[in-house]
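Structure data (mmCIF, C-alpha atoms and all ligand atoms) from upload04.cif:
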data_final
loop_
_atom_site.group_PDB
_atom_site.id
_atom_site.type_symbol
_atom_site.label_atom_id
_atom_site.label_comp_id
_atom_site.auth_asym_id
_atom_site.auth_seq_id
_atom_site.Cartn_x
_atom_site.Cartn_y
_atom_site.Cartn_z
ATOM 1 C CA MET A 1 181.161 63.378 48.845
ATOM 2 C CA ASN A 2 183.188 65.991 46.953
ATOM 3 C CA MET A 3 186.838 65.325 47.932
ATOM 4 C CA ASN A 4 187.791 68.947 47.234
ATOM 5 C CA HIS A 5 185.150 70.153 49.629
ATOM 6 C CA PRO A 6 184.471 67.465 52.229
ATOM 7 C CA ALA A 7 182.665 69.346 55.010
ATOM 8 C CA SER A 8 178.953 70.095 54.890
ATOM 9 C CA ILE A 9 178.036 73.782 54.386
ATOM 10 C CA GLN A 10 175.486 75.632 56.530
ATOM 11 C CA TYR A 11 174.155 79.079 55.547
ATOM 12 C CA PRO A 12 176.473 81.217 57.751
ATOM 13 C CA PHE A 13 174.317 84.328 58.240
ATOM 14 C CA PRO A 14 171.703 84.415 61.016
ATOM 15 C CA ASN A 15 168.030 83.839 60.158
ATOM 16 C CA ASP A 16 166.949 87.228 61.505
ATOM 17 C CA ASP A 17 165.755 90.689 60.440
ATOM 18 C CA GLY A 18 169.343 91.921 60.158
ATOM 19 C CA GLU A 19 169.993 89.330 57.438
ATOM 20 C CA SER A 20 166.819 90.340 55.569
ATOM 21 C CA GLU A 21 168.013 93.973 55.695
ATOM 22 C CA ARG A 22 171.483 92.941 54.514
ATOM 23 C CA LEU A 23 170.008 91.112 51.519
ATOM 24 C CA GLY A 24 167.919 94.212 50.703
ATOM 25 C CA VAL A 25 170.949 96.543 50.734
ATOM 26 C CA GLN A 26 173.031 94.046 48.745
ATOM 27 C CA GLY A 27 170.148 93.441 46.326
ATOM 28 C CA ALA A 28 169.799 97.154 45.529
ATOM 29 C CA PHE A 29 173.573 97.418 45.071
ATOM 30 C CA PHE A 30 173.747 94.544 42.559
ATOM 31 C CA ALA A 31 170.376 95.203 40.860
ATOM 32 C CA PRO A 32 171.861 96.925 37.764
ATOM 33 C CA LEU A 33 174.261 93.988 37.210
ATOM 34 C CA SER A 34 171.568 91.341 37.690
ATOM 35 C CA GLY A 35 168.933 93.193 35.647
ATOM 36 C CA GLY A 36 171.352 93.406 32.713
ATOM 37 C CA PHE A 37 172.130 89.708 33.013
ATOM 38 C CA LEU A 38 168.437 88.700 33.075
ATOM 39 C CA ASP A 39 167.879 90.739 29.896
ATOM 40 C CA LEU A 40 170.789 89.000 28.142
ATOM 41 C CA ALA A 41 169.450 85.633 29.315
ATOM 42 C CA GLY A 42 166.150 86.428 27.568
ATOM 43 C CA ILE A 43 163.927 86.518 30.661
ATOM 44 C CA GLY A 44 160.696 88.294 29.740
ATOM 45 C CA GLY A 45 157.199 88.125 28.220
ATOM 46 C CA SER A 46 154.817 85.503 29.561
ATOM 47 C CA MET A 47 157.432 83.095 30.908
ATOM 48 C CA ARG A 48 156.950 80.947 34.001
ATOM 49 C CA VAL A 49 160.107 81.513 36.059
ATOM 50 C CA LEU A 50 161.455 79.907 39.248
ATOM 51 C CA ASP A 51 163.896 81.887 41.454
ATOM 52 C CA ILE A 52 165.873 79.477 43.652
ATOM 53 C CA GLY A 53 167.214 80.655 47.040
ATOM 54 C CA CYS A 54 165.273 83.898 46.577
ATOM 55 C CA GLY A 55 165.941 85.303 50.078
ATOM 56 C CA THR A 56 163.937 88.532 50.375
ATOM 57 C CA GLY A 57 162.973 88.365 46.683
ATOM 58 C CA GLU A 58 165.538 90.787 45.242
ATOM 59 C CA VAL A 59 165.995 88.791 42.019
ATOM 60 C CA THR A 60 162.345 87.662 41.997
ATOM 61 C CA ARG A 61 161.259 91.298 41.653
ATOM 62 C CA LEU A 62 163.824 91.967 38.902
ATOM 63 C CA VAL A 63 162.296 89.015 37.021
ATOM 64 C CA ALA A 64 158.737 90.253 37.710
ATOM 65 C CA ASP A 65 159.651 93.676 36.237
ATOM 66 C CA ARG A 66 160.440 91.904 32.962
ATOM 67 C CA LEU A 67 157.286 89.745 32.683
ATOM 68 C CA ASP A 68 153.862 90.665 31.283
ATOM 69 C CA GLU A 69 150.440 89.957 32.803
ATOM 70 C CA ASN A 70 150.507 86.356 31.512
ATOM 71 C CA GLY A 71 153.890 85.615 33.085
ATOM 72 C CA MET A 72 154.556 84.355 36.586
ATOM 73 C CA VAL A 73 157.498 84.011 38.937
ATOM 74 C CA VAL A 74 157.836 81.802 41.995
ATOM 75 C CA GLY A 75 160.563 82.486 44.560
ATOM 76 C CA ILE A 76 161.614 79.646 46.858
ATOM 77 C CA ASP A 77 163.781 79.685 49.965
ATOM 78 C CA GLN A 78 164.451 77.530 53.016
ATOM 79 C CA ASP A 79 163.948 80.429 55.454
ATOM 80 C CA THR A 80 160.399 81.483 56.356
ATOM 81 C CA GLY A 81 161.396 84.888 57.801
ATOM 82 C CA ARG A 82 163.052 86.038 54.581
ATOM 83 C CA LEU A 83 160.070 84.742 52.563
ATOM 84 C CA GLN A 84 157.695 86.747 54.757
ATOM 85 C CA GLN A 85 159.801 89.848 54.127
ATOM 86 C CA ALA A 86 159.781 89.051 50.376
ATOM 87 C CA ARG A 87 155.959 88.859 50.386
ATOM 88 C CA GLU A 88 155.625 92.152 52.262
ATOM 89 C CA ILE A 89 157.978 94.101 49.979
ATOM 90 C CA THR A 90 156.310 92.626 46.884
ATOM 91 C CA ARG A 91 152.837 93.608 48.164
ATOM 92 C CA THR A 92 153.930 97.259 48.344
ATOM 93 C CA THR A 93 155.512 97.199 44.865
ATOM 94 C CA PRO A 94 152.990 95.231 42.760
ATOM 95 C CA ALA A 95 154.077 93.756 39.424
ATOM 96 C CA LYS A 96 152.110 93.094 36.226
ATOM 97 C CA CYS A 97 152.607 89.350 36.532
ATOM 98 C CA ARG A 98 151.767 86.887 39.320
ATOM 99 C CA VAL A 99 154.493 86.707 42.009
ATOM 100 C CA THR A 100 154.430 84.030 44.714
ATOM 101 C CA PHE A 101 156.880 82.807 47.331
ATOM 102 C CA GLU A 102 157.060 79.217 48.570
ATOM 103 C CA HIS A 103 158.851 77.703 51.516
ATOM 104 C CA CYS A 104 160.762 74.963 49.751
ATOM 105 C CA ASP A 105 164.205 73.408 49.903
ATOM 106 C CA LEU A 106 166.179 73.214 46.685
ATOM 107 C CA THR A 107 166.050 69.449 46.836
ATOM 108 C CA LYS A 108 162.210 69.456 46.744
ATOM 109 C CA VAL A 109 161.566 71.635 43.666
ATOM 110 C CA ALA A 110 160.099 68.793 41.557
ATOM 111 C CA SER A 111 156.678 69.347 43.184
ATOM 112 C CA LEU A 112 156.501 72.958 41.892
ATOM 113 C CA GLY A 113 155.649 72.085 38.269
ATOM 114 C CA GLU A 114 157.348 73.042 34.998
ATOM 115 C CA PHE A 115 159.106 76.338 34.226
ATOM 116 C CA ASP A 116 160.425 78.111 31.128
ATOM 117 C CA ALA A 117 163.371 79.403 33.141
ATOM 118 C CA VAL A 118 165.112 78.912 36.482
ATOM 119 C CA VAL A 119 167.160 81.808 37.855
ATOM 120 C CA GLY A 120 169.290 82.197 40.975
ATOM 121 C CA ARG A 121 171.928 84.472 42.464
ATOM 122 C CA MET A 122 174.569 83.958 45.170
ATOM 123 C CA LEU A 123 173.318 80.542 46.178
ATOM 124 C CA LEU A 124 175.721 77.855 44.998
ATOM 125 C CA LEU A 125 178.509 79.119 47.275
ATOM 126 C CA TYR A 126 176.368 77.772 50.145
ATOM 127 C CA ILE A 127 175.508 74.412 48.528
ATOM 128 C CA ASP A 128 177.262 71.086 49.170
ATOM 129 C CA ASP A 129 177.012 69.615 45.684
ATOM 130 C CA PRO A 130 176.408 72.329 43.048
ATOM 131 C CA VAL A 131 176.577 69.938 40.076
ATOM 132 C CA ALA A 132 173.924 67.614 41.548
ATOM 133 C CA THR A 133 171.771 70.628 42.444
ATOM 134 C CA LEU A 134 171.993 72.115 38.942
ATOM 135 C CA SER A 135 171.337 68.714 37.413
ATOM 136 C CA SER A 136 168.186 68.188 39.528
ATOM 137 C CA LEU A 137 166.776 71.499 38.237
ATOM 138 C CA GLN A 138 166.307 69.805 34.840
ATOM 139 C CA LEU A 139 163.286 68.127 36.475
ATOM 140 C CA VAL A 140 161.413 71.456 36.580
ATOM 141 C CA LEU A 141 162.664 72.927 33.296
ATOM 142 C CA LYS A 142 160.721 72.477 30.068
ATOM 143 C CA PRO A 143 162.762 71.114 27.122
ATOM 144 C CA ASN A 144 164.969 73.978 25.892
ATOM 145 C CA GLY A 145 164.257 75.806 29.158
ATOM 146 C CA ILE A 146 166.737 78.428 30.385
ATOM 147 C CA LEU A 147 168.925 78.175 33.476
ATOM 148 C CA ALA A 148 170.405 81.617 34.335
ATOM 149 C CA ILE A 149 172.594 81.758 37.448
ATOM 150 C CA GLN A 150 174.861 84.497 38.826
ATOM 151 C CA GLU A 151 177.529 83.650 41.380
ATOM 152 C CA PRO A 152 180.315 85.766 42.881
ATOM 153 C CA ASP A 153 184.026 85.822 42.254
ATOM 154 C CA HIS A 154 185.446 87.249 45.470
ATOM 155 C CA SER A 155 189.049 87.492 44.175
ATOM 156 C CA ASN A 156 188.963 91.304 44.362
ATOM 157 C CA TYR A 157 186.592 91.535 47.316
ATOM 158 C CA LEU A 158 187.374 94.635 49.417
ATOM 159 C CA VAL A 159 190.406 95.507 47.310
ATOM 160 C CA THR A 160 190.859 99.261 47.082
ATOM 161 C CA MET A 161 193.043 101.506 44.942
ATOM 162 C CA PRO A 162 195.046 103.010 46.565
ATOM 163 C CA GLU A 163 195.166 100.037 48.943
ATOM 164 C CA SER A 164 193.774 100.640 52.436
ATOM 165 C CA PRO A 165 194.970 98.887 55.626
ATOM 166 C CA LEU A 166 191.443 99.180 57.078
ATOM 167 C CA PHE A 167 189.753 97.495 54.086
ATOM 168 C CA ALA A 168 192.582 94.911 53.912
ATOM 169 C CA THR A 169 192.077 93.973 57.571
ATOM 170 C CA TRP A 170 188.394 93.303 57.010
ATOM 171 C CA ARG A 171 189.045 91.475 53.741
ATOM 172 C CA ASP A 172 191.423 89.068 55.536
ATOM 173 C CA ARG A 173 188.987 88.554 58.412
ATOM 174 C CA LEU A 174 186.045 87.920 56.086
ATOM 175 C CA MET A 175 188.022 85.508 53.913
ATOM 176 C CA GLN A 176 189.255 83.593 56.997
ATOM 177 C CA THR A 177 185.691 83.350 58.303
ATOM 178 C CA CYS A 178 184.246 82.205 54.982
ATOM 179 C CA GLN A 179 186.976 79.591 54.678
ATOM 180 C CA ALA A 180 186.284 78.383 58.231
ATOM 181 C CA CYS A 181 182.600 78.009 57.203
ATOM 182 C CA ASN A 182 183.668 76.008 54.095
ATOM 183 C CA LEU A 183 181.958 78.431 51.697
ATOM 184 C CA ARG A 184 182.725 78.103 47.987
ATOM 185 C CA LEU A 185 184.034 81.667 47.839
ATOM 186 C CA ASN A 186 184.687 81.782 44.110
ATOM 187 C CA SER A 187 181.667 79.800 42.974
ATOM 188 C CA GLY A 188 181.355 82.124 39.949
ATOM 189 C CA LEU A 189 184.677 80.867 38.579
ATOM 190 C CA HIS A 190 183.373 77.282 38.609
ATOM 191 C CA LEU A 191 179.877 78.011 37.331
ATOM 192 C CA ARG A 192 180.374 77.340 33.622
ATOM 193 C CA SER A 193 182.022 73.998 34.260
ATOM 194 C CA TRP A 194 179.404 73.011 36.873
ATOM 195 C CA MET A 195 176.610 73.750 34.399
ATOM 196 C CA GLU A 196 178.238 71.734 31.636
ATOM 197 C CA ARG A 197 178.853 68.807 33.989
ATOM 198 C CA ALA A 198 175.195 69.028 35.040
ATOM 199 C CA GLY A 199 174.195 68.462 31.408
ATOM 200 C CA TYR A 200 173.321 71.968 30.157
ATOM 201 C CA GLU A 201 174.387 73.518 26.878
ATOM 202 C CA VAL A 202 176.066 76.773 27.959
ATOM 203 C CA THR A 203 174.957 79.648 25.710
ATOM 204 C CA LEU A 204 176.326 82.726 27.507
ATOM 205 C CA VAL A 205 178.942 83.708 30.096
ATOM 206 C CA HIS A 206 178.624 87.248 31.454
ATOM 207 C CA LEU A 207 181.041 89.080 33.754
ATOM 208 C CA SER A 208 180.016 92.205 35.616
ATOM 209 C CA GLU A 209 181.459 94.241 38.432
ATOM 210 C CA ARG A 210 181.151 97.540 40.226
ATOM 211 C CA GLN A 211 183.865 100.004 41.118
ATOM 212 C CA ASP A 212 182.679 102.492 43.708
ATOM 213 C CA CYS A 213 184.001 105.699 45.208
ATOM 214 C CA GLY A 214 182.824 108.830 46.995
ATOM 215 C CA PRO A 215 180.601 109.452 50.011
ATOM 216 C CA ASP A 216 177.250 108.514 48.440
ATOM 217 C CA SER A 217 178.041 104.952 47.370
ATOM 218 C CA THR A 218 176.267 102.180 49.284
ATOM 219 C CA VAL A 219 179.308 99.879 48.948
ATOM 220 C CA TYR A 220 180.450 100.649 52.525
ATOM 221 C CA GLU A 221 177.062 99.563 53.882
ATOM 222 C CA VAL A 222 177.129 96.359 51.794
ATOM 223 C CA LEU A 223 180.581 95.438 53.122
ATOM 224 C CA ALA A 224 179.894 96.411 56.732
ATOM 225 C CA ARG A 225 176.644 94.436 56.807
ATOM 226 C CA ALA A 226 178.488 91.336 55.570
ATOM 227 C CA VAL A 227 180.991 91.770 58.413
ATOM 228 C CA LEU A 228 178.309 92.351 61.048
ATOM 229 C CA GLY A 229 176.225 89.415 59.758
ATOM 230 C CA LEU A 230 179.229 87.124 60.178
ATOM 231 C CA ARG A 231 180.323 88.611 63.513
ATOM 232 C CA SER A 232 179.319 85.570 65.575
ATOM 233 C CA LYS A 233 181.078 83.225 63.106
ATOM 234 C CA MET A 234 184.194 85.431 63.443
ATOM 235 C CA LEU A 235 184.029 85.032 67.205
ATOM 236 C CA ASP A 236 183.371 81.255 67.009
ATOM 237 C CA ASN A 237 186.367 80.834 64.734
ATOM 238 C CA LYS A 238 188.589 83.218 66.764
ATOM 239 C CA VAL A 239 189.030 85.541 63.790
ATOM 240 C CA ILE A 240 188.222 88.370 66.213
ATOM 241 C CA GLY A 241 188.588 88.266 69.982
ATOM 242 C CA SER A 242 185.532 90.301 70.950
ATOM 243 C CA ALA A 243 182.358 91.627 69.300
ATOM 244 C CA ASP A 244 183.602 95.231 69.773
ATOM 245 C CA GLU A 245 186.269 94.598 67.145
ATOM 246 C CA ALA A 246 183.464 94.647 64.518
ATOM 247 C CA PRO A 247 181.895 98.010 65.400
ATOM 248 C CA ALA A 248 178.313 98.940 64.524
ATOM 249 C CA ASP A 249 179.568 102.071 62.704
ATOM 250 C CA LEU A 250 181.957 100.133 60.440
ATOM 251 C CA ALA A 251 180.209 101.449 57.302
ATOM 252 C CA ASN A 252 181.020 105.023 58.336
ATOM 253 C CA GLN A 253 184.630 104.117 59.105
ATOM 254 C CA LEU A 254 185.021 102.520 55.664
ATOM 255 C CA ARG A 255 183.333 105.493 53.975
ATOM 256 C CA LYS A 256 185.537 108.023 55.783
ATOM 257 C CA ASP A 257 188.706 106.085 54.947
ATOM 258 C CA ALA A 258 187.755 105.731 51.258
ATOM 259 C CA VAL A 259 186.700 109.350 50.809
ATOM 260 C CA GLN A 260 189.693 110.823 52.653
ATOM 261 C CA HIS A 261 192.151 108.878 50.468
ATOM 262 C CA GLN A 262 190.071 108.994 47.240
ATOM 263 C CA ARG A 263 190.006 105.217 47.036
ATOM 264 C CA THR A 264 188.195 103.150 44.415
ATOM 265 C CA VAL A 265 186.493 100.178 46.069
ATOM 266 C CA PHE A 266 186.146 96.882 44.190
ATOM 267 C CA SER A 267 183.332 94.637 45.357
ATOM 268 C CA SER A 268 182.739 91.062 44.206
ATOM 269 C CA LYS A 269 182.455 90.364 40.504
ATOM 270 C CA LEU A 270 179.281 88.600 39.486
ATOM 271 C CA ILE A 271 179.682 85.854 36.910
ATOM 272 C CA GLY A 272 176.472 84.923 35.158
ATOM 273 C CA VAL A 273 176.098 81.782 33.074
ATOM 274 C CA VAL A 274 173.118 80.847 30.929
ATOM 275 C CA GLY A 275 172.483 77.233 29.995
ATOM 276 C CA ARG A 276 169.774 75.394 28.077
ATOM 277 C CA ARG A 277 168.204 72.129 29.032
ATOM 278 C CA SER A 278 168.645 69.723 26.152
HETATM 279 C C1 LIG A 301 172.950 85.009 49.859
HETATM 280 S S1 LIG A 301 171.248 84.653 49.874
HETATM 281 C C2 LIG A 301 170.824 85.220 48.224
HETATM 282 C C3 LIG A 301 169.378 85.610 48.109
HETATM 283 C C4 LIG A 301 168.964 86.113 46.737
HETATM 284 N N1 LIG A 301 169.186 85.122 45.707
HETATM 285 C C5 LIG A 301 169.685 87.394 46.378
HETATM 286 O O1 LIG A 301 170.578 87.378 45.540
HETATM 287 O O2 LIG A 301 169.357 88.425 47.012
HETATM 288 C C6 LIG A 301 171.147 82.897 49.714
HETATM 289 C C7 LIG A 301 169.759 82.354 50.014
HETATM 290 O O3 LIG A 301 169.729 80.966 49.670
HETATM 291 C C8 LIG A 301 168.918 80.301 50.606
HETATM 292 N N2 LIG A 301 169.250 78.864 50.594
HETATM 293 C C9 LIG A 301 170.441 78.309 50.926
HETATM 294 N N3 LIG A 301 170.357 76.962 50.807
HETATM 295 C C10 LIG A 301 169.094 76.673 50.396
HETATM 296 C C11 LIG A 301 168.391 75.458 50.113
HETATM 297 N N4 LIG A 301 168.991 74.276 50.239
HETATM 298 N N5 LIG A 301 167.098 75.533 49.708
HETATM 299 C C12 LIG A 301 166.480 76.733 49.586
HETATM 300 N N6 LIG A 301 167.091 77.922 49.860
HETATM 301 C C13 LIG A 301 168.374 77.894 50.258
HETATM 302 C C14 LIG A 301 169.240 80.988 51.925
HETATM 303 O O4 LIG A 301 168.202 80.771 52.887
HETATM 304 C C15 LIG A 301 169.370 82.449 51.482
HETATM 305 O O5 LIG A 301 168.155 83.149 51.622
#

Would you kindly transcribe this structure into structure tokens?
Ligand SMILES: C[S@@+](CC[C@H](N)C(=O)[O-])C[C@H]1O[C@@H](n2cnc3c(N)ncnc32)[C@H](O)[C@@H]1O
Amino acid sequence: MNMNHPASIQYPFPNDDGESERLGVQGAFFAPLSGGFLDLAGIGGSMRVLDIGCGTGEVTRLVADRLDENGMVVGIDQDTGRLQQAREITRTTPAKCRVTFEHCDLTKVASLGEFDAVVGRMLLLYIDDPVATLSSLQLVLKPNGILAIQEPDHSNYLVTMPESPLFATWRDRLMQTCQACNLRLNSGLHLRSWMERAGYEVTLVHLSERQDCGPDSTVYEVLARAVLGLRSKMLDNKVIGSADEAPADLANQLRKDAVQHQRTVFSSKLIGVVGRRS
């Protein structure tokens, strides 16, 4: 048991269509940051790649875009609904390489064969023992294989310039809820050290972030969907008193507030680390 983090973590978002939609909106928002990271990590050509905790396949498709007809990518997740959604989206946007999705827990990856690279995004914040998890991935990596993971640093999450009471209220409520769910909110800040402790040679650390403004940004939707996805956890943990406090039109409220006061909105930073299996 990790003494700094004793309680077991459960994925806090519901296993429903709303969560699949949230991952789609978030995936499109972070796609430029993750695509750039995959390029720096050297993902491409005819590699065999495993995407762990793939959700609706947002990162899986970014990998597929970079592979040729001899490459292949396998996305795995514990949730069948999100995998079904991943298969459907991928069918309508075919790639050059083979793309498959498997229902598989992270602890069972050894049966999937050997890969040139393992990638993952926004997963370790929901995992009980990240070092053991990263270490076990050596079982599926070829010698010299690449591990390329991106995790968030939520230090500036929902910060705005000039600062907004509305955004600040939701930042505090989200942070309280995530803490009550024992999430590793700043997993990105630990990632390099976790990878080294898991036995990888770290070859690259990459920081990326977005700063958004104006009416057309999708940042308001990304933030509001996170709030709405965690609404029942907020109620369970008495962070809000009733569901009405997290209104369905929160994205529009955030947009209006930001546009009216010409605010810049900072979302989470993504910290990407690339390691090599020795
Ligand atoms: C925040 S989502 C990120 C999805 C995707 N990587 C992305 O960036 O869009 C985290 C995903 O990890 C999956 N997950 C969490 N724990 C897992 C485990 N032990 N085994 C497999 N998947 C897991 C969840 O079901 C969820 O779909």

Which chain A residues have any atom within 10 Å of an atom of ligand LIG 301 (chain A), and for each, what is the nearest pair of atoms with distance in Å to one decimal, counting only C-alpha atoms and all ligand atoms, rows sorted by chain and number, as a Markdown table?
| residue | atom | partner | partner_atom | distance |
| --- | --- | --- | --- | --- |
| A:Ile9 | CA | A:LIG301 | N3 | 9.0 |
| A:Gln10 | CA | A:LIG301 | N3 | 7.8 |
| A:Tyr11 | CA | A:LIG301 | C9 | 6.0 |
| A:Pro12 | CA | A:LIG301 | C14 | 9.3 |
| A:Phe13 | CA | A:LIG301 | C1 | 8.5 |
| A:Pro14 | CA | A:LIG301 | O4 | 9.6 |
| A:Asn15 | CA | A:LIG301 | O4 | 7.9 |
| A:Glu19 | CA | A:LIG301 | O5 | 8.7 |
| A:Ser20 | CA | A:LIG301 | O5 | 8.3 |
| A:Arg22 | CA | A:LIG301 | O2 | 9.0 |
| A:Leu23 | CA | A:LIG301 | O2 | 5.3 |
| A:Gly24 | CA | A:LIG301 | O2 | 7.0 |
| A:Val25 | CA | A:LIG301 | O2 | 9.1 |
| A:Gln26 | CA | A:LIG301 | O2 | 6.9 |
| A:Gly27 | CA | A:LIG301 | O2 | 5.1 |
| A:Ala28 | CA | A:LIG301 | O2 | 8.9 |
| A:Phe30 | CA | A:LIG301 | O1 | 8.4 |
| A:Ala31 | CA | A:LIG301 | O1 | 9.1 |
| A:Ser34 | CA | A:LIG301 | O1 | 8.8 |
| A:Asp51 | CA | A:LIG301 | N1 | 7.5 |
| A:Ile52 | CA | A:LIG301 | N6 | 6.5 |
| A:Gly53 | CA | A:LIG301 | O3 | 3.7 |
| A:Cys54 | CA | A:LIG301 | N1 | 4.2 |
| A:Gly55 | CA | A:LIG301 | O5 | 3.5 |
| A:Thr56 | CA | A:LIG301 | O2 | 6.4 |
| A:Gly57 | CA | A:LIG301 | O2 | 6.4 |
| A:Glu58 | CA | A:LIG301 | O2 | 4.8 |
| A:Val59 | CA | A:LIG301 | C5 | 5.9 |
| A:Thr60 | CA | A:LIG301 | N1 | 8.2 |
| A:Gly75 | CA | A:LIG301 | N1 | 9.1 |
| A:Ile76 | CA | A:LIG301 | C12 | 6.3 |
| A:Asp77 | CA | A:LIG301 | N6 | 3.8 |
| A:Gln78 | CA | A:LIG301 | C12 | 4.1 |
| A:Asp79 | CA | A:LIG301 | O4 | 5.0 |
| A:Thr80 | CA | A:LIG301 | O4 | 8.6 |
| A:Gly81 | CA | A:LIG301 | O5 | 9.3 |
| A:Arg82 | CA | A:LIG301 | O5 | 6.6 |
| A:Leu83 | CA | A:LIG301 | O5 | 8.3 |
| A:Glu102 | CA | A:LIG301 | C12 | 9.8 |
| A:His103 | CA | A:LIG301 | C12 | 7.9 |
| A:Cys104 | CA | A:LIG301 | C12 | 6.0 |
| A:Asp105 | CA | A:LIG301 | N5 | 3.6 |
| A:Leu106 | CA | A:LIG301 | N5 | 3.9 |
| A:Thr107 | CA | A:LIG301 | N4 | 6.6 |
| A:Lys108 | CA | A:LIG301 | N5 | 8.3 |
| A:Val109 | CA | A:LIG301 | N5 | 9.1 |
| A:Val119 | CA | A:LIG301 | N1 | 8.8 |
| A:Gly120 | CA | A:LIG301 | N1 | 5.6 |
| A:Arg121 | CA | A:LIG301 | N1 | 4.3 |
| A:Met122 | CA | A:LIG301 | C2 | 5.0 |
| A:Leu123 | CA | A:LIG301 | C6 | 4.8 |
| A:Leu124 | CA | A:LIG301 | C9 | 8.0 |
| A:Leu125 | CA | A:LIG301 | C1 | 8.5 |
| A:Tyr126 | CA | A:LIG301 | C9 | 6.0 |
| A:Ile127 | CA | A:LIG301 | N3 | 6.2 |
| A:Asp128 | CA | A:LIG301 | N4 | 8.9 |
| A:Thr133 | CA | A:LIG301 | N4 | 9.0 |
| A:Ile149 | CA | A:LIG301 | N1 | 9.5 |
| A:Gln150 | CA | A:LIG301 | O1 | 8.5 |
| A:Glu151 | CA | A:LIG301 | O1 | 8.9 |

Of the candidates A:Glu196, A:Leu40, A:Ile89, A:Gly35, which one gets nearest to A:Asp65 if we count all atoms listed in the file?
A:Gly35

Env of stretch 207-222 of chain A: 8 Å cut, atoms = all atoms listed in the file, seq-sep filter 5 positions within chain, self excluded. Answer as a count of residues only.
23

Calculated over only C-alpha atoms, which of the candidates A:Asp236, A:Asp249, A:Asp257, A:Glu114 has the smallest distance to A:Ser164?
A:Asp257

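Candidate residues A:Val73, A:His154, A:Val131, A:Leu183 were compared for distance to A:Leu112, and the nearest is A:Val73, using all atoms listed in the file.
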
Compare A:Arg61, A:Met161, A:Asp17, A:Met72 by their minimum atom-to-atom distance to A:Thr92, counting all atoms listed in the file, and give me the closest one.
A:Arg61

Selection in question (the file shown): the PyMOL selection byres (((chain A and resi 244) around 12) and not hetatm). Which residues does it include, as number ranges by chain?
A: 228, 231-232, 234-235, 240-243, 245-250

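The coordinates place atom CA of A:Arg48 at 5.7 Å from atom CA of A:Gly71.
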
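Selection check: the PyMOL selection byres (((chain A and resi 167) around 10) and not hetatm) on the shown file gives A:Tyr157, A:Leu158, A:Val159, A:Thr160, A:Glu163, A:Ser164, A:Pro165, A:Leu166, A:Ala168, A:Thr169, A:Trp170, A:Arg171, A:Asp172, A:Arg173, A:Tyr220, A:Leu223, A:Gln253, A:Leu254, A:Asp257, A:Ala258, A:Val265.
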
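Among the candidate residues A:Val140, A:Val74, A:Val205, A:Leu38, the one lying nearest to A:Leu189 is A:Val205, with distances computed using only C-alpha atoms.
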
Written record: stretch 165-176 of chain A, N, CA and C atoms, as a PDB file, in the first residue's frame:
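And here is the file that came out, result.pdb:
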ATOM      1  N   PRO A 165     -14.738  34.984 -10.385  1.00  0.00           N
ATOM      2  CA  PRO A 165     -15.376  34.284  -9.256  1.00  0.00           C
ATOM      3  C   PRO A 165     -16.126  33.031  -9.718  1.00  0.00           C
ATOM      4  N   LEU A 166     -16.749  33.093 -10.894  1.00  0.00           N
ATOM      5  CA  LEU A 166     -17.510  31.925 -11.379  1.00  0.00           C
ATOM      6  C   LEU A 166     -16.574  30.734 -11.635  1.00  0.00           C
ATOM      7  N   PHE A 167     -15.488  30.978 -12.374  1.00  0.00           N
ATOM      8  CA  PHE A 167     -14.524  29.900 -12.658  1.00  0.00           C
ATOM      9  C   PHE A 167     -13.898  29.404 -11.338  1.00  0.00           C
ATOM     10  N   ALA A 168     -13.591  30.366 -10.432  1.00  0.00           N
ATOM     11  CA  ALA A 168     -12.940  29.982  -9.166  1.00  0.00           C
ATOM     12  C   ALA A 168     -13.852  29.076  -8.332  1.00  0.00           C
ATOM     13  N   THR A 169     -15.152  29.372  -8.349  1.00  0.00           N
ATOM     14  CA  THR A 169     -16.099  28.538  -7.597  1.00  0.00           C
ATOM     15  C   THR A 169     -16.056  27.106  -8.103  1.00  0.00           C
ATOM     16  N   TRP A 170     -16.080  26.959  -9.437  1.00  0.00           N
ATOM     17  CA  TRP A 170     -16.087  25.608  -9.994  1.00  0.00           C
ATOM     18  C   TRP A 170     -14.742  24.920  -9.847  1.00  0.00           C
ATOM     19  N   ARG A 171     -13.666  25.707  -9.880  1.00  0.00           N
ATOM     20  CA  ARG A 171     -12.336  25.108  -9.641  1.00  0.00           C
ATOM     21  C   ARG A 171     -12.319  24.500  -8.235  1.00  0.00           C
ATOM     22  N   ASP A 172     -12.747  25.272  -7.234  1.00  0.00           N
ATOM     23  CA  ASP A 172     -12.715  24.784  -5.844  1.00  0.00           C
ATOM     24  C   ASP A 172     -13.587  23.540  -5.694  1.00  0.00           C
ATOM     25  N   ARG A 173     -14.766  23.567  -6.314  1.00  0.00           N
ATOM     26  CA  ARG A 173     -15.676  22.419  -6.182  1.00  0.00           C
ATOM     27  C   ARG A 173     -15.098  21.178  -6.856  1.00  0.00           C
ATOM     28  N   LEU A 174     -14.499  21.373  -8.027  1.00  0.00           N
ATOM     29  CA  LEU A 174     -13.903  20.224  -8.733  1.00  0.00           C
ATOM     30  C   LEU A 174     -12.734  19.651  -7.937  1.00  0.00           C
ATOM     31  N   MET A 175     -11.887  20.547  -7.432  1.00  0.00           N
ATOM     32  CA  MET A 175     -10.704  20.080  -6.686  1.00  0.00           C
ATOM     33  C   MET A 175     -11.143  19.318  -5.424  1.00  0.00           C
ATOM     34  N   GLN A 176     -12.149  19.865  -4.724  1.00  0.00           N
ATOM     35  CA  GLN A 176     -12.662  19.181  -3.515  1.00  0.00           C
ATOM     36  C   GLN A 176     -13.182  17.788  -3.870  1.00  0.00           C
TER      37      GLN A 176
END
